[in-house]
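Pasting input.pdb here (PDB, C-alpha atoms, pLDDT in the B column):
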MODEL        1
ATOM      1  CA  MET A   1      54.981 103.392 110.457  1.00 52.00           C
ATOM      2  CA  ARG A   2      56.137 107.008 110.601  1.00 56.00           C
ATOM      3  CA  PHE A   3      58.484 108.557 108.009  1.00 51.00           C
ATOM      4  CA  TRP A   4      61.478 108.470 110.372  1.00 50.00           C
ATOM      5  CA  GLU A   5      61.011 104.768 111.113  1.00 52.00           C
ATOM      6  CA  LYS A   6      60.699 103.923 107.392  1.00 49.00           C
ATOM      7  CA  TRP A   7      63.819 105.938 106.660  1.00 48.00           C
ATOM      8  CA  CYS A   8      65.798 104.127 109.384  1.00 49.00           C
ATOM      9  CA  VAL A   9      64.665 100.743 108.060  1.00 43.00           C
ATOM     10  CA  ARG A  10      65.822 101.694 104.549  1.00 50.00           C
ATOM     11  CA  MET A  11      69.206 102.796 105.924  1.00 51.00           C
ATOM     12  CA  ALA A  12      69.639  99.468 107.713  1.00 49.00           C
ATOM     13  CA  GLU A  13      69.189  97.692 104.367  1.00 65.00           C
ATOM     14  CA  ILE A  14      72.081  99.441 102.619  1.00 80.00           C
ATOM     15  CA  LYS A  15      75.048  97.120 102.225  1.00 88.00           C
ATOM     16  CA  ALA A  16      78.145  98.195 100.340  1.00 92.00           C
ATOM     17  CA  ASP A  17      80.872  95.870  99.177  1.00 93.00           C
ATOM     18  CA  VAL A  18      83.325  98.725  98.570  1.00 93.00           C
ATOM     19  CA  ILE A  19      83.617 102.182 100.109  1.00 95.00           C
ATOM     20  CA  LEU A  20      85.756 104.705  98.228  1.00 95.00           C
ATOM     21  CA  LEU A  21      87.010 107.321 100.687  1.00 94.00           C
ATOM     22  CA  THR A  22      88.029 110.771  99.422  1.00 93.00           C
ATOM     23  CA  VAL A  23      89.031 113.978 101.172  1.00 91.00           C
ATOM     24  CA  THR A  24      89.434 116.825  98.710  1.00 90.00           C
ATOM     25  CA  ASP A  25      86.988 118.319  96.220  1.00 92.00           C
ATOM     26  CA  VAL A  26      89.320 117.329  93.367  1.00 91.00           C
ATOM     27  CA  GLU A  27      89.382 113.686  94.475  1.00 91.00           C
ATOM     28  CA  ALA A  28      85.607 113.469  94.878  1.00 93.00           C
ATOM     29  CA  GLN A  29      84.827 115.292  91.630  1.00 93.00           C
ATOM     30  CA  THR A  30      87.277 113.107  89.707  1.00 90.00           C
ATOM     31  CA  LEU A  31      85.524 109.931  90.890  1.00 90.00           C
ATOM     32  CA  LEU A  32      82.072 111.335  90.139  1.00 93.00           C
ATOM     33  CA  ASP A  33      83.198 112.363  86.633  1.00 91.00           C
ATOM     34  CA  LEU A  34      84.818 108.966  86.080  1.00 87.00           C
ATOM     35  CA  ALA A  35      81.591 107.180  87.013  1.00 87.00           C
ATOM     36  CA  GLU A  36      79.688 109.288  84.507  1.00 88.00           C
ATOM     37  CA  ASN A  37      82.259 109.022  81.690  1.00 86.00           C
ATOM     38  CA  ARG A  38      83.217 105.383  82.139  1.00 81.00           C
ATOM     39  CA  PHE A  39      79.944 103.807  83.239  1.00 79.00           C
ATOM     40  CA  GLY A  40      77.421 106.309  81.903  1.00 81.00           C
ATOM     41  CA  ARG A  41      76.016 106.866  85.392  1.00 79.00           C
ATOM     42  CA  ASN A  42      75.218 110.177  86.987  1.00 84.00           C
ATOM     43  CA  CYS A  43      76.199 109.540  90.596  1.00 86.00           C
ATOM     44  CA  LYS A  44      76.409 113.214  91.549  1.00 88.00           C
ATOM     45  CA  THR A  45      73.217 113.203  93.607  1.00 88.00           C
ATOM     46  CA  PRO A  46      74.148 112.699  97.258  1.00 90.00           C
ATOM     47  CA  HIS A  47      72.256 110.296  99.483  1.00 90.00           C
ATOM     48  CA  PHE A  48      72.082 110.802 103.228  1.00 88.00           C
ATOM     49  CA  SER A  49      72.288 108.528 106.230  1.00 82.00           C
ATOM     50  CA  GLU A  50      71.637 109.844 109.699  1.00 78.00           C
ATOM     51  CA  ARG A  51      75.361 110.693 109.999  1.00 79.00           C
ATOM     52  CA  MET A  52      76.826 111.246 106.553  1.00 87.00           C
ATOM     53  CA  ALA A  53      76.332 111.943 102.885  1.00 91.00           C
ATOM     54  CA  TYR A  54      77.356 109.292 100.384  1.00 93.00           C
ATOM     55  CA  TYR A  55      77.291 108.768  96.633  1.00 94.00           C
ATOM     56  CA  ASP A  56      76.001 105.498  95.185  1.00 93.00           C
ATOM     57  CA  PHE A  57      77.985 104.212  92.195  1.00 92.00           C
ATOM     58  CA  GLY A  58      75.845 101.069  91.928  1.00 90.00           C
ATOM     59  CA  ASN A  59      77.633  97.875  90.963  1.00 90.00           C
ATOM     60  CA  VAL A  60      81.178  98.329  89.740  1.00 87.00           C
ATOM     61  CA  GLY A  61      82.679  94.998  88.738  1.00 82.00           C
ATOM     62  CA  HIS A  62      79.943  93.134  90.654  1.00 87.00           C
ATOM     63  CA  ALA A  63      80.678  95.125  93.829  1.00 90.00           C
ATOM     64  CA  ARG A  64      78.142  97.589  95.264  1.00 93.00           C
ATOM     65  CA  THR A  65      80.265 100.728  95.531  1.00 93.00           C
ATOM     66  CA  LEU A  66      79.691 103.904  97.517  1.00 95.00           C
ATOM     67  CA  MET A  67      81.839 107.003  97.818  1.00 95.00           C
ATOM     68  CA  VAL A  68      82.111 108.975 101.065  1.00 96.00           C
ATOM     69  CA  ARG A  69      84.170 111.987 102.066  1.00 94.00           C
ATOM     70  CA  SER A  70      86.078 112.680 105.226  1.00 92.00           C
ATOM     71  CA  GLU A  71      87.819 115.756 106.513  1.00 89.00           C
ATOM     72  CA  MET A  72      91.610 115.976 106.362  1.00 85.00           C
ATOM     73  CA  GLY A  73      93.553 114.170 109.035  1.00 78.00           C
ATOM     74  CA  SER A  74      93.017 110.791 110.570  1.00 77.00           C
ATOM     75  CA  THR A  75      92.195 111.570 114.186  1.00 78.00           C
ATOM     76  CA  ASP A  76      90.043 114.707 113.854  1.00 79.00           C
ATOM     77  CA  PRO A  77      86.355 114.247 114.811  1.00 82.00           C
ATOM     78  CA  ASP A  78      85.365 114.029 111.115  1.00 85.00           C
ATOM     79  CA  GLY A  79      88.711 112.666 109.923  1.00 85.00           C
ATOM     80  CA  SER A  80      89.334 109.397 108.153  1.00 86.00           C
ATOM     81  CA  LEU A  81      89.330 107.173 111.249  1.00 87.00           C
ATOM     82  CA  ALA A  82      85.887 108.348 112.417  1.00 90.00           C
ATOM     83  CA  THR A  83      84.509 108.353 108.869  1.00 92.00           C
ATOM     84  CA  VAL A  84      85.696 104.812 108.148  1.00 91.00           C
ATOM     85  CA  GLN A  85      84.296 103.570 111.477  1.00 93.00           C
ATOM     86  CA  GLU A  86      80.938 105.156 110.646  1.00 93.00           C
ATOM     87  CA  CYS A  87      80.996 103.547 107.186  1.00 93.00           C
ATOM     88  CA  ILE A  88      81.664 100.152 108.741  1.00 92.00           C
ATOM     89  CA  ASN A  89      78.767 100.646 111.160  1.00 92.00           C
ATOM     90  CA  LEU A  90      76.339 101.859 108.480  1.00 92.00           C
ATOM     91  CA  PHE A  91      77.256  99.903 105.365  1.00 93.00           C
ATOM     92  CA  ASN A  92      79.217  96.838 106.547  1.00 93.00           C
ATOM     93  CA  PRO A  93      81.656  96.996 103.597  1.00 94.00           C
ATOM     94  CA  ASP A  94      84.069  94.243 102.656  1.00 90.00           C
ATOM     95  CA  VAL A  95      86.759  96.831 101.940  1.00 90.00           C
ATOM     96  CA  VAL A  96      87.396 100.561 102.334  1.00 91.00           C
ATOM     97  CA  ILE A  97      89.745 102.102  99.786  1.00 91.00           C
ATOM     98  CA  SER A  98      91.269 105.519 100.324  1.00 89.00           C
ATOM     99  CA  VAL A  99      91.385 107.150  96.906  1.00 88.00           C
ATOM    100  CA  GLY A 100      93.211 110.371  96.347  1.00 81.00           C
ATOM    101  CA  ILE A 101      96.318 112.416  96.233  1.00 75.00           C
ATOM    102  CA  ALA A 102      99.457 111.162  97.939  1.00 74.00           C
ATOM    103  CA  PHE A 103     102.761 112.865  98.455  1.00 69.00           C
ATOM    104  CA  GLY A 104     105.855 110.870  97.615  1.00 66.00           C
ATOM    105  CA  ILE A 105     109.189 110.730  99.257  1.00 64.00           C
ATOM    106  CA  ASP A 106     111.146 110.242  96.031  1.00 69.00           C
ATOM    107  CA  GLU A 107     110.156 112.478  93.110  1.00 72.00           C
ATOM    108  CA  GLU A 108     112.367 110.456  90.738  1.00 76.00           C
ATOM    109  CA  LYS A 109     110.502 107.216  91.452  1.00 74.00           C
ATOM    110  CA  GLN A 110     106.958 108.505  92.013  1.00 72.00           C
ATOM    111  CA  LYS A 111     105.243 110.502  89.297  1.00 74.00           C
ATOM    112  CA  ILE A 112     101.983 112.444  89.116  1.00 71.00           C
ATOM    113  CA  GLY A 113      99.199 110.092  88.027  1.00 74.00           C
ATOM    114  CA  GLN A 114     100.923 106.966  89.265  1.00 80.00           C
ATOM    115  CA  VAL A 115      98.678 104.554  91.162  1.00 83.00           C
ATOM    116  CA  LEU A 116     100.045 103.496  94.542  1.00 86.00           C
ATOM    117  CA  VAL A 117      98.696 100.332  96.133  1.00 89.00           C
ATOM    118  CA  SER A 118      99.643  99.624  99.726  1.00 90.00           C
ATOM    119  CA  LYS A 119     100.929  96.140 100.537  1.00 93.00           C
ATOM    120  CA  GLN A 120     101.534  97.432 104.062  1.00 92.00           C
ATOM    121  CA  LEU A 121     100.499 100.608 105.829  1.00 86.00           C
ATOM    122  CA  HIS A 122     102.920 102.213 108.286  1.00 84.00           C
ATOM    123  CA  PRO A 123     101.682 105.000 110.590  1.00 82.00           C
ATOM    124  CA  TYR A 124     104.610 107.419 110.657  1.00 79.00           C
ATOM    125  CA  ASP A 125     103.178 109.589 113.462  1.00 81.00           C
ATOM    126  CA  LEU A 126     103.685 106.851 116.052  1.00 84.00           C
ATOM    127  CA  GLN A 127     107.301 107.385 117.005  1.00 84.00           C
ATOM    128  CA  ARG A 128     109.719 108.098 119.787  1.00 87.00           C
ATOM    129  CA  ILE A 129     112.033 111.038 119.259  1.00 88.00           C
ATOM    130  CA  GLY A 130     115.208 110.695 121.257  1.00 90.00           C
ATOM    131  CA  GLN A 131     118.918 110.902 120.647  1.00 89.00           C
ATOM    132  CA  ASP A 132     121.695 108.516 119.809  1.00 90.00           C
ATOM    133  CA  GLU A 133     124.985 108.075 121.676  1.00 91.00           C
ATOM    134  CA  LEU A 134     126.445 111.105 119.874  1.00 91.00           C
ATOM    135  CA  GLY A 135     123.558 113.348 120.914  1.00 89.00           C
ATOM    136  CA  LYS A 136     121.988 113.519 117.445  1.00 89.00           C
ATOM    137  CA  ILE A 137     118.237 113.255 117.012  1.00 87.00           C
ATOM    138  CA  LYS A 138     117.115 109.653 116.646  1.00 87.00           C
ATOM    139  CA  ILE A 139     113.597 108.770 115.530  1.00 84.00           C
ATOM    140  CA  ILE A 140     112.347 105.324 116.476  1.00 85.00           C
ATOM    141  CA  SER A 141     109.159 104.007 114.898  1.00 84.00           C
ATOM    142  CA  ARG A 142     106.701 102.630 117.450  1.00 84.00           C
ATOM    143  CA  GLY A 143     103.702 101.744 115.313  1.00 79.00           C
ATOM    144  CA  PRO A 144     102.991  98.358 113.784  1.00 85.00           C
ATOM    145  CA  LYS A 145     102.824  97.897 110.023  1.00 87.00           C
ATOM    146  CA  VAL A 146      99.398  96.728 108.903  1.00 88.00           C
ATOM    147  CA  ASP A 147      99.237  94.222 106.044  1.00 91.00           C
ATOM    148  CA  THR A 148      96.690  94.571 103.252  1.00 91.00           C
ATOM    149  CA  PRO A 149      94.489  91.449 103.193  1.00 90.00           C
ATOM    150  CA  VAL A 150      95.573  88.971 100.509  1.00 93.00           C
ATOM    151  CA  SER A 151      92.049  88.910  99.036  1.00 89.00           C
ATOM    152  CA  VAL A 152      92.138  92.684  98.467  1.00 88.00           C
ATOM    153  CA  LEU A 153      95.722  92.746  97.210  1.00 93.00           C
ATOM    154  CA  SER A 154      95.068  89.972  94.689  1.00 92.00           C
ATOM    155  CA  ARG A 155      92.165  91.944  93.197  1.00 88.00           C
ATOM    156  CA  PHE A 156      94.359  95.017  92.798  1.00 89.00           C
ATOM    157  CA  ARG A 157      97.084  92.917  91.170  1.00 93.00           C
ATOM    158  CA  ALA A 158      94.552  91.476  88.709  1.00 91.00           C
ATOM    159  CA  GLY A 159      93.225  94.968  87.972  1.00 88.00           C
ATOM    160  CA  ALA A 160      96.743  96.327  87.454  1.00 91.00           C
ATOM    161  CA  LEU A 161      97.228  93.945  84.523  1.00 91.00           C
ATOM    162  CA  GLU A 162      94.281  95.542  82.712  1.00 87.00           C
ATOM    163  CA  TRP A 163      94.861  99.147  83.843  1.00 83.00           C
ATOM    164  CA  LYS A 164      95.859 101.456  80.982  1.00 82.00           C
ATOM    165  CA  GLY A 165      95.761 104.721  82.936  1.00 77.00           C
ATOM    166  CA  GLY A 166      99.389 104.787  84.094  1.00 78.00           C
ATOM    167  CA  ASP A 167     101.993 103.023  86.161  1.00 85.00           C
ATOM    168  CA  VAL A 168     100.874 100.985  89.200  1.00 88.00           C
ATOM    169  CA  LYS A 169     103.301 100.475  92.108  1.00 88.00           C
ATOM    170  CA  PHE A 170     102.802  98.079  95.027  1.00 92.00           C
ATOM    171  CA  GLY A 171     104.660  98.567  98.290  1.00 90.00           C
ATOM    172  CA  LEU A 172     104.842 100.020 101.776  1.00 89.00           C
ATOM    173  CA  MET A 173     102.802 103.207 102.227  1.00 85.00           C
ATOM    174  CA  LEU A 174     103.285 105.713 105.011  1.00 81.00           C
ATOM    175  CA  SER A 175     100.214 107.266 106.587  1.00 79.00           C
ATOM    176  CA  GLY A 176      99.689 109.882 109.247  1.00 75.00           C
ATOM    177  CA  SER A 177      98.075 113.123 110.280  1.00 74.00           C
ATOM    178  CA  LYS A 178     101.182 115.245 109.891  1.00 74.00           C
ATOM    179  CA  LEU A 179     101.547 117.079 106.575  1.00 73.00           C
ATOM    180  CA  VAL A 180     105.285 117.138 105.929  1.00 73.00           C
ATOM    181  CA  ASP A 181     106.063 120.086 103.662  1.00 74.00           C
ATOM    182  CA  ASN A 182     109.733 120.532 104.529  1.00 76.00           C
ATOM    183  CA  ARG A 183     112.461 118.668 102.641  1.00 75.00           C
ATOM    184  CA  ASP A 184     114.989 118.779 105.521  1.00 77.00           C
ATOM    185  CA  TYR A 185     112.501 117.328 107.984  1.00 71.00           C
ATOM    186  CA  ARG A 186     111.400 114.709 105.477  1.00 69.00           C
ATOM    187  CA  GLU A 187     114.992 113.582 104.894  1.00 70.00           C
ATOM    188  CA  MET A 188     115.643 112.996 108.646  1.00 66.00           C
TER     189      MET A 188
ENDMDL
END
This entry written out as structure tokens:
Amino acid sequence: MRFWEKWCVRMAEIKADVILLTVTDVEAQTLLDLAENRFGRNCKTPHFSERMAYYDFGNVGHARTLMVRSEMGSTDPDGSLATVQECINLFNPDVVISVGIAFGIDEEKQKIGQVLVSKQLHPYDLQRIGQDELGKIKIISRGPKVDTPVSVLSRFRAGALEWKGGDVKFGLMLSGSKLVDNRDYREM
């Protein structure tokens, strides 16, 4: 058997229970540092499949855990949608968790360091922009809300009881490709 064939066989054998998806350098480095500080594991050596680099955290709470990175945006060629699909094809995970920085809509209710867990995910980019009877702009959501599976949500709820790193909030989370950095637009 040639090297390439052996390598492909090894790749086919990798099964992950959990994929942690990050985007920014800060997010990825924070997870790698956490693995080293909390579990005493140096996970900073990347591994490579035929399509992506990944970091192997080993078993975390009895779940084989890998970390992968995507580019910003959901629909770009290397964005989160394509990256998650590739992870599903390569590693057949039970769950993919997007870990990272979120922007909040209410600074009084959402603080830096707070953990947000999505009970539902709502794609805010899928919308119709029209006008009401008075001629004012009217935005109508067109995308479905996606529920988090009960099995995943129950694990996060159990973990939240033991978590000492800050406040954990469960609720609806907005997701989309558009970076909204304008208060007036956000308030519409």
request  = Would you kindly translate the PyMOL selection byres ((chain A and resi 113) around 10) into the concrete residues it picks from this file, as a list in words?
outcome  =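 Applying the expression gives Ile101, Ala102, Gln110, Lys111, Ile112, Gln114, Val115, Leu116, Gly165, Gly166, Asp167 and Val168 of chain A.
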Based on the selection just made, write C-alpha atoms of those residues as a tab-separated table (two decimals), in the coordinates of the input.
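Final output, saved to part25.tsv:
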chain	number	residue	atom	x	y	z
A	101	ILE	CA	96.32	112.42	96.23
A	102	ALA	CA	99.46	111.16	97.94
A	110	GLN	CA	106.96	108.50	92.01
A	111	LYS	CA	105.24	110.50	89.30
A	112	ILE	CA	101.98	112.44	89.12
A	114	GLN	CA	100.92	106.97	89.26
A	115	VAL	CA	98.68	104.55	91.16
A	116	LEU	CA	100.04	103.50	94.54
A	165	GLY	CA	95.76	104.72	82.94
A	166	GLY	CA	99.39	104.79	84.09
A	167	ASP	CA	101.99	103.02	86.16
A	168	VAL	CA	100.87	100.98	89.20
key: Residues in the PyMOL selection byres ((chain A and resi 34-36) around 12), expressed as number ranges by chain   = A: 26-33, 37-45, 55-60, 65-67
query = Exactly which residues make up the result of the PyMOL selection byres ((chain A and resi 81) around 12) on this file, given as a list in words?
reply = Leu21, Arg69, Ser70, Glu71, Met72, Gly73, Ser74, Thr75, Asp76, Pro77, Asp78, Gly79, Ser80, Ala82, Thr83, Val84, Gln85, Glu86, Cys87, Ile88, Val96, Ser98, Ser175, Gly176 and Ser177 of chain A
Long-range neighbours of Val117 (chain A) as number ranges by chain, 8 Å cut-off, only C-alpha atoms, 5 positions minimum in chain = A: 156, 168-171, 173
Kindly export the residues of the current selection with C-alpha atoms, as a compact mmCIF listing (two decimals), keeping the file's coordinate frame.
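Writing done, so here's again-v9.txt:
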# COMPACT_ATOMS: atom_id res chain seq x y z
CA PHE A 156 94.36 95.02 92.80
CA VAL A 168 100.87 100.98 89.20
CA LYS A 169 103.30 100.48 92.11
CA PHE A 170 102.80 98.08 95.03
CA GLY A 171 104.66 98.57 98.29
CA MET A 173 102.80 103.21 102.23
request  = Write out as a PyMOL selection string which residues come within 8 Å of region 134-148 of chain A when counting only C-alpha atoms, dropping same-chain ones fewer than 2 positions away.
outcome  = chain A and resi 118-124+126-132+150+152-153
inquiry  = So, with only C-alpha atoms as the atoms that count, which of A:Lys109, A:His62, A:Lys15, A:Arg155 lies closest to Phe91 (chain A)?
reply    =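 Result for the nearest residue to Phe91 (chain A): A:Lys15.
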message = Using all atoms listed in the file for the distances, tell me which of A:Glu108, A:Ser154, A:Val68, A:Lys178 is nearest to Met52 (chain A).
response =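 Between A:Glu108, A:Ser154, A:Val68, A:Lys178, the residue approaching Met52 (chain A) most closely is A:Val68.
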Between CA of Val99 (chain A) and CA of Thr22 (chain A), distance in Å (one decimal) =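 Here the two named atoms are 5.5 Å from each other.
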task = Rounded to one decimal place, report the CA of Asn92 (chain A)-CA of Trp163 (chain A) distance in Å.
result =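 CA of Trp163 (chain A) lies at a distance of 27.7 Å from CA of Asn92 (chain A).
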request  = Using only C-alpha atoms, pick whichever of A:Val180, A:Ser151, A:Asn89, A:Glu133 has the shortest atom-to-atom distance to Arg51 (chain A).
outcome  =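 Ranking A:Val180, A:Ser151, A:Asn89, A:Glu133 by distance to Arg51 (chain A), first place goes to A:Asn89.
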key: Two-atom distance - CA of Leu161 (chain A), CA of Val18 (chain A) (Å)   =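 Result for CA of Leu161 (chain A) versus CA of Val18 (chain A): 20.3 Å, one decimal.
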Around all the atoms of region 175-187 of chain A listed in the file, with 4 Å of room on each side, what axis-aligned box do you get, giving centre and edge lengths in Å to one decimal, as lines of an AutoDock Vina configuration file?
center_x = 106.5
center_y = 113.9
center_z = 106.5
size_x = 24.9
size_y = 21.3
size_z = 15.6
